[in-house]
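Engineer: This one is work.cif, mmCIF, C-alpha atoms.
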```
data_coords
loop_
_atom_site.label_atom_id
_atom_site.label_comp_id
_atom_site.auth_asym_id
_atom_site.auth_seq_id
_atom_site.Cartn_x
_atom_site.Cartn_y
_atom_site.Cartn_z
CA MET K 785 -35.32 -5.51 -14.62
CA LEU K 786 -34.20 -7.09 -11.37
CA ALA K 787 -33.00 -10.21 -13.17
CA TRP K 788 -30.99 -8.08 -15.58
CA PHE K 789 -29.58 -6.12 -12.64
CA LEU K 790 -28.45 -9.28 -10.85
CA ALA K 791 -27.04 -10.83 -14.03
CA ASN K 792 -24.93 -7.78 -14.77
CA PHE K 793 -24.08 -6.94 -11.17
CA SER K 794 -20.40 -7.86 -11.31
CA ALA K 795 -20.01 -6.11 -14.67
CA MET K 796 -21.49 -2.94 -13.20
CA VAL K 797 -19.26 -3.18 -10.13
CA PHE K 798 -16.30 -3.64 -12.48
CA TYR K 799 -17.13 -0.55 -14.52
CA CYS K 800 -17.60 1.52 -11.34
CA LEU K 801 -14.25 0.35 -9.97
CA ALA K 802 -12.53 0.83 -13.33
CA ALA K 803 -13.93 4.37 -13.54
CA VAL K 804 -12.64 5.14 -10.03
CA ALA K 805 -9.23 3.66 -10.89
CA VAL K 806 -8.91 5.68 -14.10
CA ALA K 807 -10.21 8.86 -12.44
CA GLY K 808 -7.70 8.38 -9.64
CA ALA K 809 -4.88 7.89 -12.12
CA VAL K 810 -5.90 11.05 -13.99
CA GLY K 811 -6.08 12.88 -10.66
CA VAL K 812 -2.46 11.98 -9.94
CA ILE K 813 -1.30 14.07 -12.89
CA ALA K 814 -4.11 16.65 -12.73
CA PHE K 815 -3.94 17.76 -9.09
CA ARG K 816 -1.56 20.61 -8.40
CA SER K 817 -1.00 19.70 -4.78
CA PRO K 818 1.29 16.67 -4.41
CA VAL K 819 -0.62 15.46 -1.34
CA HIS K 820 -3.90 15.54 -3.30
CA ALA K 821 -2.20 13.65 -6.14
CA ALA K 822 -0.96 11.01 -3.67
CA LEU K 823 -4.46 10.62 -2.18
CA SER K 824 -5.85 10.31 -5.70
CA LEU K 825 -3.34 7.52 -6.34
CA LEU K 826 -4.56 5.88 -3.13
CA GLY K 827 -8.11 5.88 -4.50
CA SER K 828 -6.82 4.29 -7.70
CA PHE K 829 -4.99 1.59 -5.70
CA LEU K 830 -8.11 0.76 -3.70
CA ALA K 831 -10.24 0.54 -6.85
CA VAL K 832 -7.70 -1.85 -8.41
CA ALA K 833 -7.90 -3.93 -5.22
CA GLY K 834 -11.66 -4.09 -5.79
CA VAL K 835 -11.08 -5.29 -9.36
CA PHE K 836 -8.80 -8.05 -7.99
CA VAL K 837 -11.62 -9.14 -5.66
CA LEU K 838 -13.98 -9.33 -8.65
CA LEU K 839 -11.45 -11.58 -10.41
CA HIS K 840 -11.39 -13.88 -7.33
CA ALA K 841 -7.76 -12.92 -6.72
CA GLU K 842 -8.47 -12.15 -3.06
CA PHE K 843 -4.88 -12.56 -1.97
CA LEU K 844 -3.73 -10.08 -4.60
CA ALA K 845 -6.38 -7.67 -3.36
CA ALA K 846 -5.07 -8.01 0.19
CA VAL K 847 -1.50 -7.44 -1.05
CA GLN K 848 -2.67 -4.45 -3.06
CA ILE K 849 -4.15 -2.86 0.05
CA LEU K 850 -1.39 -3.89 2.48
CA VAL K 851 1.64 -3.10 0.33
CA TYR K 852 0.46 -0.48 -2.17
CA ALA K 853 -2.22 1.43 -0.28
CA GLY K 854 -0.31 0.89 2.98
CA GLY K 855 3.43 0.78 2.44
CA VAL K 856 4.07 2.42 -0.93
CA MET K 857 1.64 5.24 -0.15
CA VAL K 858 3.47 5.89 3.13
CA LEU K 859 6.74 6.20 1.20
CA PHE K 860 5.17 8.62 -1.30
CA LEU K 861 3.71 10.80 1.45
CA PHE K 862 7.01 10.79 3.35
CA VAL K 863 8.89 11.91 0.23
CA ILE K 864 6.35 14.70 -0.30
CA MET K 865 6.70 15.84 3.32
CA LEU K 866 10.50 15.48 3.39
CA VAL K 867 11.35 17.42 0.25
CA ASN K 868 8.73 20.11 0.84
CA VAL K 869 7.20 20.25 -2.62
CA ARG K 870 4.63 23.01 -2.47
CA THR K 871 1.62 23.32 -4.71
CA LEU K 872 2.90 23.39 -8.27
CA THR K 873 2.47 26.71 -9.97
CA GLY K 874 2.52 27.25 -13.71
CA GLU K 875 3.56 24.80 -16.36
CA GLY K 876 6.60 22.68 -15.68
CA GLN K 877 8.96 23.44 -18.56
CA TYR K 878 10.74 20.12 -18.32
CA VAL K 879 7.46 18.25 -18.72
CA ARG K 880 7.08 19.51 -22.33
CA ARG K 881 10.24 17.72 -23.36
CA LEU K 882 8.67 14.46 -22.19
CA VAL K 883 5.61 14.81 -24.47
CA PRO K 884 7.13 12.93 -27.48
CA ALA K 885 8.26 10.11 -25.17
CA ALA K 886 4.77 9.99 -23.64
CA VAL K 887 3.16 9.80 -27.10
CA VAL K 888 5.48 6.95 -28.20
CA LEU K 889 4.93 5.03 -24.95
CA GLY K 890 1.17 5.58 -25.20
CA ILE K 891 1.09 4.16 -28.74
CA VAL K 892 3.23 1.17 -27.71
CA LEU K 893 0.97 0.51 -24.72
CA ALA K 894 -2.18 0.79 -26.85
CA VAL K 895 -0.74 -1.67 -29.41
CA LEU K 896 0.25 -4.09 -26.64
CA ILE K 897 -3.20 -3.92 -25.05
CA GLY K 898 -4.79 -4.40 -28.50
CA VAL K 899 -2.63 -7.46 -29.19
CA GLY K 900 -3.45 -8.77 -25.73
CA VAL K 901 -7.19 -8.35 -26.25
CA VAL K 902 -7.09 -9.96 -29.72
CA ALA K 903 -4.85 -12.85 -28.64
CA GLY K 904 -6.53 -13.18 -25.25
CA GLY K 905 -8.85 -15.98 -26.35
CA GLN K 906 -6.04 -18.09 -27.77
CA GLY K 907 -3.01 -19.83 -26.38
CA ALA K 908 -2.22 -20.99 -22.90
CA VAL K 909 -3.99 -19.17 -20.11
CA ALA K 910 -3.30 -19.91 -16.45
CA ASP K 911 -5.80 -22.45 -15.20
CA PRO K 912 -8.19 -20.59 -12.87
CA ALA K 913 -8.93 -23.84 -11.04
CA ALA K 914 -5.29 -24.06 -9.97
CA LEU K 915 -5.63 -20.71 -8.23
CA THR K 916 -8.76 -21.57 -6.26
CA ALA K 917 -8.18 -25.22 -5.35
CA VAL K 918 -5.81 -27.14 -3.10
CA ALA K 919 -5.01 -30.72 -4.23
CA GLY K 920 -8.20 -30.76 -6.29
CA VAL K 921 -10.39 -29.52 -3.43
CA PRO K 922 -11.88 -26.11 -4.18
CA LEU K 923 -10.82 -23.53 -1.65
CA GLY K 924 -10.29 -19.81 -1.45
CA ASN K 925 -7.64 -18.06 -3.49
CA THR K 926 -5.59 -17.17 -0.40
CA GLU K 927 -5.52 -20.82 0.69
CA ALA K 928 -4.43 -21.91 -2.79
CA VAL K 929 -1.69 -19.28 -2.89
CA GLY K 930 -0.55 -20.30 0.58
CA TRP K 931 -0.53 -23.97 -0.36
CA SER K 932 1.58 -23.56 -3.49
CA LEU K 933 3.81 -20.91 -1.92
CA TYR K 934 4.67 -22.92 1.19
CA ARG K 935 4.80 -26.36 -0.46
CA ASP K 936 5.90 -26.00 -4.09
CA TYR K 937 7.86 -22.75 -3.91
CA LEU K 938 9.62 -23.28 -0.60
CA LEU K 939 13.06 -22.08 -1.67
CA PRO K 940 11.91 -18.87 -3.45
CA PHE K 941 9.85 -18.08 -0.36
CA GLU K 942 12.85 -18.41 1.94
CA VAL K 943 14.98 -16.40 -0.50
CA VAL K 944 12.43 -13.58 -0.20
CA SER K 945 13.38 -13.21 3.45
CA LEU K 946 17.02 -12.74 2.36
CA VAL K 947 15.92 -10.10 -0.17
CA LEU K 948 13.98 -8.32 2.57
CA LEU K 949 17.00 -8.58 4.86
CA VAL K 950 19.21 -6.98 2.21
CA ALA K 951 16.62 -4.21 1.71
CA MET K 952 16.50 -3.56 5.44
CA ILE K 953 20.28 -3.49 5.94
CA GLY K 954 20.74 -1.41 2.78
CA ALA K 955 18.22 1.14 4.01
CA ILE K 956 19.93 1.36 7.40
CA VAL K 957 23.44 1.66 5.93
CA LEU K 958 22.40 4.36 3.46
CA GLY K 959 20.04 6.03 5.90
CA ARG K 960 22.57 6.31 8.72
CA LYS K 961 25.13 7.84 6.35
CA ASP K 962 22.51 10.38 5.33
CA LEU K 963 21.55 11.03 8.94
CA GLY K 964 25.14 11.77 9.93
CA ALA K 965 25.12 14.88 7.72
CA LYS K 966 21.72 16.02 8.98
CA GLU K 967 22.40 15.58 12.69
CA GLY K 968 20.39 17.88 14.88
CA ALA K 969 17.64 18.32 12.31
CA MET X 1016 -20.52 -12.77 -3.04
CA SER X 1017 -22.40 -12.90 0.27
CA ALA X 1018 -19.00 -13.40 1.96
CA TYR X 1019 -18.28 -9.76 1.19
CA ILE X 1020 -21.23 -8.41 3.17
CA PRO X 1021 -19.12 -8.05 6.37
CA ILE X 1022 -16.46 -6.21 4.33
CA LEU X 1023 -19.11 -3.92 2.85
CA LEU X 1024 -20.38 -3.25 6.38
CA PHE X 1025 -16.81 -2.40 7.43
CA ILE X 1026 -16.46 0.03 4.51
CA LEU X 1027 -19.86 1.54 5.30
CA VAL X 1028 -18.92 2.11 8.97
CA ALA X 1029 -15.46 3.41 8.03
CA VAL X 1030 -16.88 5.92 5.56
CA SER X 1031 -19.85 7.03 7.66
CA PHE X 1032 -17.85 7.45 10.88
CA PRO X 1033 -15.85 10.53 9.79
CA ILE X 1034 -18.89 12.00 8.01
CA ILE X 1035 -21.07 11.65 11.12
CA THR X 1036 -18.27 12.94 13.36
CA ILE X 1037 -17.81 16.05 11.22
CA LEU X 1038 -21.57 16.63 11.04
CA ILE X 1039 -21.95 16.37 14.83
CA ALA X 1040 -18.96 18.67 15.32
CA LYS X 1041 -20.58 21.17 12.95
CA LEU X 1042 -23.84 20.98 14.93
CA VAL X 1043 -22.43 21.42 18.42
CA GLN X 1044 -19.51 23.80 17.79
CA ALA X 1045 -19.80 27.39 18.96
CA GLY X 1046 -18.49 28.69 15.65
CA ARG X 1047 -16.06 31.24 17.06
CA HIS X 1048 -13.16 31.20 14.63
CA ASP X 1049 -9.81 32.71 15.48
CA PRO X 1050 -6.55 32.81 13.50
CA VAL X 1051 -4.66 31.58 16.58
CA LYS X 1052 -6.90 28.50 16.70
CA ALA X 1053 -6.04 27.69 13.09
CA GLU X 1054 -2.30 27.69 13.73
CA PRO X 1055 -0.51 24.33 13.53
CA TYR X 1056 0.08 22.77 16.93
CA GLU X 1057 3.71 23.20 17.96
CA CYS X 1058 3.75 22.06 21.61
CA GLY X 1059 2.83 25.52 22.81
CA ILE X 1060 5.65 27.22 20.94
CA LYS X 1061 4.77 29.83 18.34
CA PRO X 1062 4.91 28.14 14.92
CA THR X 1063 7.86 29.21 12.79
CA SER X 1064 6.33 28.22 9.44
CA GLU X 1065 3.06 27.39 7.72
CA ALA X 1066 1.75 23.87 8.22
CA HIS X 1067 2.33 22.89 4.58
CA ASP X 1068 5.86 24.33 4.71
CA THR X 1069 6.91 22.21 7.65
CA ARG X 1070 9.45 19.65 6.54
CA PHE X 1071 9.73 16.39 8.39
CA SER X 1072 13.05 15.12 9.64
CA VAL X 1073 14.68 12.72 7.21
CA ARG X 1074 14.90 10.24 10.09
CA TYR X 1075 11.24 9.46 9.58
CA TYR X 1076 12.07 8.08 6.14
CA LEU X 1077 14.25 5.29 7.53
CA ILE X 1078 11.38 4.33 9.84
CA ALA X 1079 9.06 4.35 6.81
CA VAL X 1080 11.39 2.11 4.77
CA LEU X 1081 11.70 -0.33 7.67
CA PHE X 1082 7.90 -0.26 7.97
CA VAL X 1083 7.53 -1.22 4.30
CA VAL X 1084 9.97 -4.14 4.72
CA PHE X 1085 8.02 -5.50 7.68
CA ASP X 1086 4.79 -4.76 5.79
CA VAL X 1087 5.91 -7.08 2.99
CA GLU X 1088 6.84 -9.66 5.62
CA THR X 1089 3.27 -9.47 6.95
CA VAL X 1090 1.97 -10.23 3.45
CA PHE X 1091 3.72 -13.60 3.64
CA LEU X 1092 2.32 -14.28 7.10
CA TYR X 1093 -1.23 -13.86 5.82
CA PRO X 1094 -1.60 -16.92 3.52
CA TRP X 1095 0.54 -18.88 5.97
CA ALA X 1096 -1.85 -18.12 8.81
CA VAL X 1097 -4.83 -19.11 6.62
CA MET X 1098 -3.19 -22.44 5.75
CA PHE X 1099 -1.53 -23.01 9.12
CA ARG X 1100 -3.47 -26.17 10.05
CA LYS X 1101 -2.92 -27.83 6.68
CA LEU X 1102 0.80 -26.99 6.58
CA ALA X 1103 1.24 -28.31 10.12
CA LEU X 1104 4.76 -28.58 11.59
CA PHE X 1105 6.42 -28.25 8.16
CA GLY X 1106 4.87 -24.84 7.66
CA PHE X 1107 5.72 -23.81 11.20
CA ILE X 1108 9.43 -24.60 10.75
CA GLU X 1109 9.37 -22.95 7.32
CA MET X 1110 7.97 -19.71 8.70
CA PHE X 1111 10.36 -19.93 11.65
CA VAL X 1112 13.33 -19.93 9.24
CA PHE X 1113 11.77 -17.06 7.28
CA LEU X 1114 11.28 -14.98 10.41
CA ALA X 1115 14.69 -15.93 11.85
CA ILE X 1116 16.41 -14.44 8.80
CA LEU X 1117 14.39 -11.25 9.20
CA VAL X 1118 15.08 -11.09 12.93
CA VAL X 1119 18.77 -10.80 11.95
CA GLY X 1120 17.83 -7.58 10.15
CA TYR X 1121 15.74 -6.46 13.10
CA VAL X 1122 18.62 -7.04 15.55
CA TYR X 1123 20.94 -5.20 13.15
CA ALA X 1124 18.54 -2.25 12.97
CA TRP X 1125 18.30 -2.23 16.75
CA ARG X 1126 22.08 -2.47 17.33
CA ARG X 1127 22.83 0.23 14.76
CA GLY X 1128 20.40 2.50 16.56
CA ALA X 1129 18.08 2.85 13.56
CA LEU X 1130 15.08 2.48 15.86
CA SER X 1131 16.29 4.87 18.55
CA TRP X 1132 15.46 8.50 18.05
CA VAL X 1133 18.30 10.45 19.60
#
```
If you took the structure in this file and wrote it as structure tokens, what would it be?

Structural biologist:
Amino acid sequence: MLAWFLANFSAMVFYCLAAVAVAGAVGVIAFRSPVHAALSLLGSFLAVAGVFVLLHAEFLAAVQILVYAGGVMVLFLFVIMLVNVRTLTGEGQYVRRLVPAAVVLGIVLAVLIGVGVVAGGQGAVADPAALTAVAGVPLGNTEAVGWSLYRDYLLPFEVVSLVLLVAMIGAIVLGRKDLGAKEGA
Amino acid sequence: MSAYIPILLFILVAVSFPIITILIAKLVQAGRHDPVKAEPYECGIKPTSEAHDTRFSVRYYLIAVLFVVFDVETVFLYPWAVMFRKLALFGFIEMFVFLAILVVGYVYAWRRGALSWV
């Protein structure tokens, strides 16, 4: 019993995390209150971060928590608080028009996942050793990411700072224009 | 997997702290409820709207966007800090250039008054 438990431990953790992630995603569309929906999405994000840890993608897990659970969630909550969306009442009429699109997209996604699962065992898959080793020496995932990011992908890394700079200046330019009209708010 | 025991302890403390705090508050509170007590705090001024109706100034959003940009910057600092010794001076100069470009944005935000409130 104990041996079976230990052997299947990571599988059980995965199914727990997957259940939390799916439940959180369902909660996003099921909760009437936008704040509750956002918190449900937060739970989903954290569960996905846990799945990344199980896959030994520790850096991705850290990014998931820092950027998604931290930054993106802040943006969502700010939008909710800025535009004053109250608890939704009744059925949204415009949502019904999206049902055919949702069905088509769902079928496409299911087919893609099916193809991915069937073809998963074949073809080139990223070498897991490359993601957990530096110059042949096994190390943590974060170290390996850092090594390849700061040695092999030097230029893309520096370009990222330019992209962030553009995002920052763009936000300020657009934001100040918006603020001018709302002065005294 | 044993490396995650400290993280599990962190999660355990983080989850149990609010639960224990709420339980202790429930135990020691006098239990005298009053509608005035339930009003949202408005610096002593009578609230003009319900708490969930209160809209935040759009200025907060610019702060939030700037926060996300610097948040993404932090993500790049994290593997760099882990590999700092191995990357040595090369990595230091590399990160210096990265941060210098972002400081341009920071100075711009400062000069444009995006960080000042009034």

Engineer: So how many Å separate CA of Leu1027 (chain X) and CA of Met857 (chain K), to one decimal?

Structural biologist: 22.5 Å

Engineer: So what does the PyMOL selection byres ((chain X and resi 1090) around 12) actually pick up in this one, as a PyMOL selection string?

Structural biologist: (chain K and resi 843-852+854-855+926+929-930+941+944-945) or (chain X and resi 1083-1089+1091-1097)

Engineer: Evaluate the PyMOL selection byres ((chain X) within 10 of (chain K)) on the structure here and hand back the selected residues as a PyMOL selection string.

Structural biologist: chain X and resi 1016+1019+1067-1099+1101-1102+1105-1106+1109-1110+1112-1121+1123-1124+1127-1130+1133

Engineer: Save the residues we just selected, C-alpha atoms, as a PDB file, in the coordinates of the input?

Structural biologist:
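Dumped to result20.pdb:
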```pdb
ATOM      1  CA  MET X1016     -20.520 -12.770  -3.040  1.00  0.00           C
ATOM      2  CA  TYR X1019     -18.280  -9.760   1.190  1.00  0.00           C
ATOM      3  CA  HIS X1067       2.330  22.890   4.580  1.00  0.00           C
ATOM      4  CA  ASP X1068       5.860  24.330   4.710  1.00  0.00           C
ATOM      5  CA  THR X1069       6.910  22.210   7.650  1.00  0.00           C
ATOM      6  CA  ARG X1070       9.450  19.650   6.540  1.00  0.00           C
ATOM      7  CA  PHE X1071       9.730  16.390   8.390  1.00  0.00           C
ATOM      8  CA  SER X1072      13.050  15.120   9.640  1.00  0.00           C
ATOM      9  CA  VAL X1073      14.680  12.720   7.210  1.00  0.00           C
ATOM     10  CA  ARG X1074      14.900  10.240  10.090  1.00  0.00           C
ATOM     11  CA  TYR X1075      11.240   9.460   9.580  1.00  0.00           C
ATOM     12  CA  TYR X1076      12.070   8.080   6.140  1.00  0.00           C
ATOM     13  CA  LEU X1077      14.250   5.290   7.530  1.00  0.00           C
ATOM     14  CA  ILE X1078      11.380   4.330   9.840  1.00  0.00           C
ATOM     15  CA  ALA X1079       9.060   4.350   6.810  1.00  0.00           C
ATOM     16  CA  VAL X1080      11.390   2.110   4.770  1.00  0.00           C
ATOM     17  CA  LEU X1081      11.700  -0.330   7.670  1.00  0.00           C
ATOM     18  CA  PHE X1082       7.900  -0.260   7.970  1.00  0.00           C
ATOM     19  CA  VAL X1083       7.530  -1.220   4.300  1.00  0.00           C
ATOM     20  CA  VAL X1084       9.970  -4.140   4.720  1.00  0.00           C
ATOM     21  CA  PHE X1085       8.020  -5.500   7.680  1.00  0.00           C
ATOM     22  CA  ASP X1086       4.790  -4.760   5.790  1.00  0.00           C
ATOM     23  CA  VAL X1087       5.910  -7.080   2.990  1.00  0.00           C
ATOM     24  CA  GLU X1088       6.840  -9.660   5.620  1.00  0.00           C
ATOM     25  CA  THR X1089       3.270  -9.470   6.950  1.00  0.00           C
ATOM     26  CA  VAL X1090       1.970 -10.230   3.450  1.00  0.00           C
ATOM     27  CA  PHE X1091       3.720 -13.600   3.640  1.00  0.00           C
ATOM     28  CA  LEU X1092       2.320 -14.280   7.100  1.00  0.00           C
ATOM     29  CA  TYR X1093      -1.230 -13.860   5.820  1.00  0.00           C
ATOM     30  CA  PRO X1094      -1.600 -16.920   3.520  1.00  0.00           C
ATOM     31  CA  TRP X1095       0.540 -18.880   5.970  1.00  0.00           C
ATOM     32  CA  ALA X1096      -1.850 -18.120   8.810  1.00  0.00           C
ATOM     33  CA  VAL X1097      -4.830 -19.110   6.620  1.00  0.00           C
ATOM     34  CA  MET X1098      -3.190 -22.440   5.750  1.00  0.00           C
ATOM     35  CA  PHE X1099      -1.530 -23.010   9.120  1.00  0.00           C
ATOM     36  CA  LYS X1101      -2.920 -27.830   6.680  1.00  0.00           C
ATOM     37  CA  LEU X1102       0.800 -26.990   6.580  1.00  0.00           C
ATOM     38  CA  PHE X1105       6.420 -28.250   8.160  1.00  0.00           C
ATOM     39  CA  GLY X1106       4.870 -24.840   7.660  1.00  0.00           C
ATOM     40  CA  GLU X1109       9.370 -22.950   7.320  1.00  0.00           C
ATOM     41  CA  MET X1110       7.970 -19.710   8.700  1.00  0.00           C
ATOM     42  CA  VAL X1112      13.330 -19.930   9.240  1.00  0.00           C
ATOM     43  CA  PHE X1113      11.770 -17.060   7.280  1.00  0.00           C
ATOM     44  CA  LEU X1114      11.280 -14.980  10.410  1.00  0.00           C
ATOM     45  CA  ALA X1115      14.690 -15.930  11.850  1.00  0.00           C
ATOM     46  CA  ILE X1116      16.410 -14.440   8.800  1.00  0.00           C
ATOM     47  CA  LEU X1117      14.390 -11.250   9.200  1.00  0.00           C
ATOM     48  CA  VAL X1118      15.080 -11.090  12.930  1.00  0.00           C
ATOM     49  CA  VAL X1119      18.770 -10.800  11.950  1.00  0.00           C
ATOM     50  CA  GLY X1120      17.830  -7.580  10.150  1.00  0.00           C
ATOM     51  CA  TYR X1121      15.740  -6.460  13.100  1.00  0.00           C
ATOM     52  CA  TYR X1123      20.940  -5.200  13.150  1.00  0.00           C
ATOM     53  CA  ALA X1124      18.540  -2.250  12.970  1.00  0.00           C
ATOM     54  CA  ARG X1127      22.830   0.230  14.760  1.00  0.00           C
ATOM     55  CA  GLY X1128      20.400   2.500  16.560  1.00  0.00           C
ATOM     56  CA  ALA X1129      18.080   2.850  13.560  1.00  0.00           C
ATOM     57  CA  LEU X1130      15.080   2.480  15.860  1.00  0.00           C
ATOM     58  CA  VAL X1133      18.300  10.450  19.600  1.00  0.00           C
TER      59      VAL X1133
END
```

Engineer: Kindly indicate which residue among K:Gly954, K:Pro884, K:Gly827, K:Gly890 lies nearest to Ala802 (chain K), using all atoms listed in the file for the distances.

Structural biologist: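 For Ala802 (chain K), the nearest of the candidates is K:Gly827.
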
Engineer: Could you work out how far CA of Gly904 (chain K) lies from CA of Ile891 (chain K), giving the answer in Å with one decimal?

Structural biologist: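 A separation of 19.3 Å between them.
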